[in-house]
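S.K.: Dumping the structure here so I can ask a few things about it.
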Amino acid sequence: MNNTKNEFHLTADGLQALKDELHELSTAKRGEIAERLKEAKADGDLSENAMYDAARDEQSFVEGRISEIEHILKHAAVISNKPRGTVSLGSKVHVEVEDGEQE
């Protein structure tokens, strides 16, 4: 999806979905993980604490995803709608197959 211009071509819906995911991860998910880490630390020895390890792994994944989304949004190019009858990047195409029509 990343071309030589370092742009990510997204539909308006795709762009909004990434913004929504970023908001969810940055607010609710970070808070949940912080709470789980706090609870796990309260259990004592962190060297053999599976709850703590799982929360740290999830924290690492979430922070990586946040960074990835921020990079995509920084380099996003929204695909404009093309006239009907024109197929291009981001188009929805209906195809008739043996079982009926598929999108």
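Letters A, B, ... mark the chains of the structure tokens in the order given; residue numbers begin at 1 per chain; ligand numbers begin at 1, in order shown.
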Identify, on the basis of only C-alpha atoms, every residue whose closest approach to Arg65 in chain A does not exceed 9 Å; exclude the query and any residue fewer than 4 positions from it along the same chain; express the result as a tab-separated table (two decimals) with N, CA and C atoms, in the first residue's frame.

M.R.:
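As a result, out_2.tsv now contains:
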chain	number	residue	atom	x	y	z
A	22	LEU	N	-7.32	4.85	16.14
A	22	LEU	CA	-6.29	5.58	16.88
A	22	LEU	C	-6.87	6.17	18.16
A	25	LEU	N	-7.47	3.31	20.69
A	25	LEU	CA	-6.22	2.79	21.25
A	25	LEU	C	-5.57	3.81	22.18
A	60	SER	N	3.00	-3.21	24.36
A	60	SER	CA	3.96	-3.10	23.26
A	60	SER	C	3.24	-3.14	21.91
A	61	PHE	N	2.29	-4.06	21.76
A	61	PHE	CA	1.53	-4.17	20.52
A	61	PHE	C	0.73	-2.90	20.26
A	69	ILE	N	-0.35	3.72	12.87
A	69	ILE	CA	-1.49	4.51	12.41
A	69	ILE	C	-1.11	5.97	12.26
A	70	GLU	N	-0.37	6.50	13.22
A	70	GLU	CA	0.06	7.90	13.13
A	70	GLU	C	0.90	8.13	11.87

S.K.: How many Å lie between CA of Ala17 in chain A and CA of Glu96 in chain A, rounded to one decimal?

M.R.: 29.0 Å

S.K.: Would you mind telling me which residue in A:Val62, A:Phe8, A:Asp43, A:Arg84 lies nearest to Gly31 in chain A when using only C-alpha atoms?

M.R.: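 For Gly31 in chain A, the nearest of the given residues is A:Val62.
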
S.K.: What does the distance from CA of Glu39 in chain A to CA of Glu63 in chain A come to in Å, to one decimal?

M.R.: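 The value is 19.7 Å.
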
S.K.: Using only C-alpha atoms, determine which residues lie at most 8 Å from range 35-38 of chain A, disregarding the query and same-chain residues fewer than 4 positions distant; provide the list as a short mmCIF file (atom, residue, chain, number, x, y, z; two decimals) with N, CA and C atoms, in the first residue's frame.

M.R.:
data_model
loop_
_atom_site.label_atom_id
_atom_site.label_comp_id
_atom_site.auth_asym_id
_atom_site.auth_seq_id
_atom_site.Cartn_x
_atom_site.Cartn_y
_atom_site.Cartn_z
N GLY A 31 -5.60 3.15 28.75
CA GLY A 31 -6.07 3.18 30.14
C GLY A 31 -6.28 1.79 30.71
N ALA A 42 0.90 -4.84 41.76
CA ALA A 42 0.45 -4.97 43.14
C ALA A 42 0.53 -6.42 43.63
N MET A 51 0.44 -12.28 34.40
CA MET A 51 -0.48 -11.17 34.13
C MET A 51 0.30 -9.93 33.70
N TYR A 52 1.40 -9.67 34.40
CA TYR A 52 2.24 -8.52 34.07
C TYR A 52 2.86 -8.68 32.69
N ALA A 55 0.25 -8.13 29.98
CA ALA A 55 -0.10 -6.72 29.87
C ALA A 55 1.01 -5.94 29.18
N ARG A 56 2.27 -6.25 29.48
CA ARG A 56 3.40 -5.58 28.82
C ARG A 56 3.43 -5.92 27.33
#

S.K.: How would you write, as a ChimeraX atom specification, the set of residues in chain A that DSSP gives as alpha helix (DSSP H)?

M.R.: /A:12-24,30-42,50-74

S.K.: Can you tell me, as a PyMOL selection string, which residues in chain A count as strand (DSSP E or B) by DSSP?

M.R.: chain A and resi 2+8-10+76-78+95-97+100-102

S.K.: Those same residues - N, CA, C and O atoms - I'd like them written as a PDB file, in the first residue's frame.

M.R.:
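Dumped to again-v3.pdb:
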ATOM      1  N   ASN A   2       2.100   1.120   0.368  1.00  0.00           N
ATOM      2  CA  ASN A   2       3.024   2.238   0.427  1.00  0.00           C
ATOM      3  C   ASN A   2       3.762   2.332  -0.897  1.00  0.00           C
ATOM      4  O   ASN A   2       4.447   1.418  -1.296  1.00  0.00           O
ATOM      5  N   PHE A   8      -0.036   6.775   1.493  1.00  0.00           N
ATOM      6  CA  PHE A   8      -0.976   5.691   1.721  1.00  0.00           C
ATOM      7  C   PHE A   8      -2.307   6.147   1.158  1.00  0.00           C
ATOM      8  O   PHE A   8      -2.893   7.120   1.642  1.00  0.00           O
ATOM      9  N   HIS A   9      -2.778   5.489   0.125  1.00  0.00           N
ATOM     10  CA  HIS A   9      -4.029   5.854  -0.532  1.00  0.00           C
ATOM     11  C   HIS A   9      -5.189   5.218   0.216  1.00  0.00           C
ATOM     12  O   HIS A   9      -5.273   4.003   0.321  1.00  0.00           O
ATOM     13  N   LEU A  10      -6.073   6.066   0.726  1.00  0.00           N
ATOM     14  CA  LEU A  10      -7.197   5.609   1.534  1.00  0.00           C
ATOM     15  C   LEU A  10      -8.491   6.223   1.025  1.00  0.00           C
ATOM     16  O   LEU A  10      -8.501   7.348   0.526  1.00  0.00           O
ATOM     17  N   ALA A  76      -1.164  10.092   4.493  1.00  0.00           N
ATOM     18  CA  ALA A  76      -2.384   9.625   3.819  1.00  0.00           C
ATOM     19  C   ALA A  76      -2.778  10.551   2.675  1.00  0.00           C
ATOM     20  O   ALA A  76      -2.632  11.765   2.757  1.00  0.00           O
ATOM     21  N   ALA A  77      -3.250   9.932   1.608  1.00  0.00           N
ATOM     22  CA  ALA A  77      -3.834  10.658   0.480  1.00  0.00           C
ATOM     23  C   ALA A  77      -5.219  10.060   0.268  1.00  0.00           C
ATOM     24  O   ALA A  77      -5.360   8.859   0.050  1.00  0.00           O
ATOM     25  N   VAL A  78      -6.247  10.892   0.372  1.00  0.00           N
ATOM     26  CA  VAL A  78      -7.620  10.412   0.236  1.00  0.00           C
ATOM     27  C   VAL A  78      -7.954  10.259  -1.242  1.00  0.00           C
ATOM     28  O   VAL A  78      -7.697  11.157  -2.050  1.00  0.00           O
ATOM     29  N   VAL A  95     -19.894  -7.810  -9.599  1.00  0.00           N
ATOM     30  CA  VAL A  95     -19.599  -8.795 -10.625  1.00  0.00           C
ATOM     31  C   VAL A  95     -20.646  -9.891 -10.562  1.00  0.00           C
ATOM     32  O   VAL A  95     -20.968 -10.398  -9.482  1.00  0.00           O
ATOM     33  N   GLU A  96     -21.185 -10.246 -11.725  1.00  0.00           N
ATOM     34  CA  GLU A  96     -22.138 -11.340 -11.771  1.00  0.00           C
ATOM     35  C   GLU A  96     -21.373 -12.649 -11.915  1.00  0.00           C
ATOM     36  O   GLU A  96     -20.518 -12.791 -12.792  1.00  0.00           O
ATOM     37  N   VAL A  97     -21.654 -13.585 -10.997  1.00  0.00           N
ATOM     38  CA  VAL A  97     -21.033 -14.910 -11.021  1.00  0.00           C
ATOM     39  C   VAL A  97     -22.152 -15.940 -11.008  1.00  0.00           C
ATOM     40  O   VAL A  97     -23.323 -15.604 -10.922  1.00  0.00           O
ATOM     41  N   GLY A 100     -24.791 -15.602  -8.355  1.00  0.00           N
ATOM     42  CA  GLY A 100     -25.468 -14.318  -8.246  1.00  0.00           C
ATOM     43  C   GLY A 100     -24.472 -13.186  -8.440  1.00  0.00           C
ATOM     44  O   GLY A 100     -23.577 -13.275  -9.249  1.00  0.00           O
ATOM     45  N   GLU A 101     -24.659 -12.148  -7.666  1.00  0.00           N
ATOM     46  CA  GLU A 101     -23.789 -10.981  -7.787  1.00  0.00           C
ATOM     47  C   GLU A 101     -22.927 -10.840  -6.552  1.00  0.00           C
ATOM     48  O   GLU A 101     -23.375 -11.078  -5.439  1.00  0.00           O
ATOM     49  N   GLN A 102     -21.679 -10.444  -6.759  1.00  0.00           N
ATOM     50  CA  GLN A 102     -20.753 -10.205  -5.637  1.00  0.00           C
ATOM     51  C   GLN A 102     -20.184  -8.802  -5.765  1.00  0.00           C
ATOM     52  O   GLN A 102     -20.047  -8.281  -6.862  1.00  0.00           O
TER      53      GLN A 102
END

S.K.: Report, in Å to a single decimal, how far apart CA of His75 in chain A and CA of Glu7 in chain A are.

M.R.: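 Separating CA of Glu7 in chain A from CA of His75 in chain A is a distance of 5.0 Å.
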
S.K.: From the set A:Glu103, A:Ser80, A:Glu58, A:Leu46, which residue has the shortest atom-to-atom contact distance to Ala34 in chain A, counting only C-alpha atoms?

M.R.: A:Glu58

S.K.: Measuring between only C-alpha atoms, which one of A:Lys29, A:Asp53, A:Leu18, A:Thr11 shows the shortest distance to Ile72 in chain A?

M.R.: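 The closest residue to Ile72 in chain A is A:Leu18.
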
S.K.: In terms of the shortest atom-to-atom distance over only C-alpha atoms, which of A:Ala54, A:Ala12, A:Thr27, A:Asp45 is closest to Ile79 in chain A?

M.R.: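 For Ile79 in chain A, the nearest of the candidates is A:Ala12.
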
S.K.: Would you mind listing what lies within 12 Å of Asn81 in chain A as a list of chain:residue names, with only C-alpha atoms counted and same-chain residues fewer than 6 positions away left out?

M.R.: A:Leu10, A:Thr11, A:Ala12, A:Asp13, A:Val87, A:Ser88, A:Leu89, A:Gly90, A:Ser91, A:Lys92
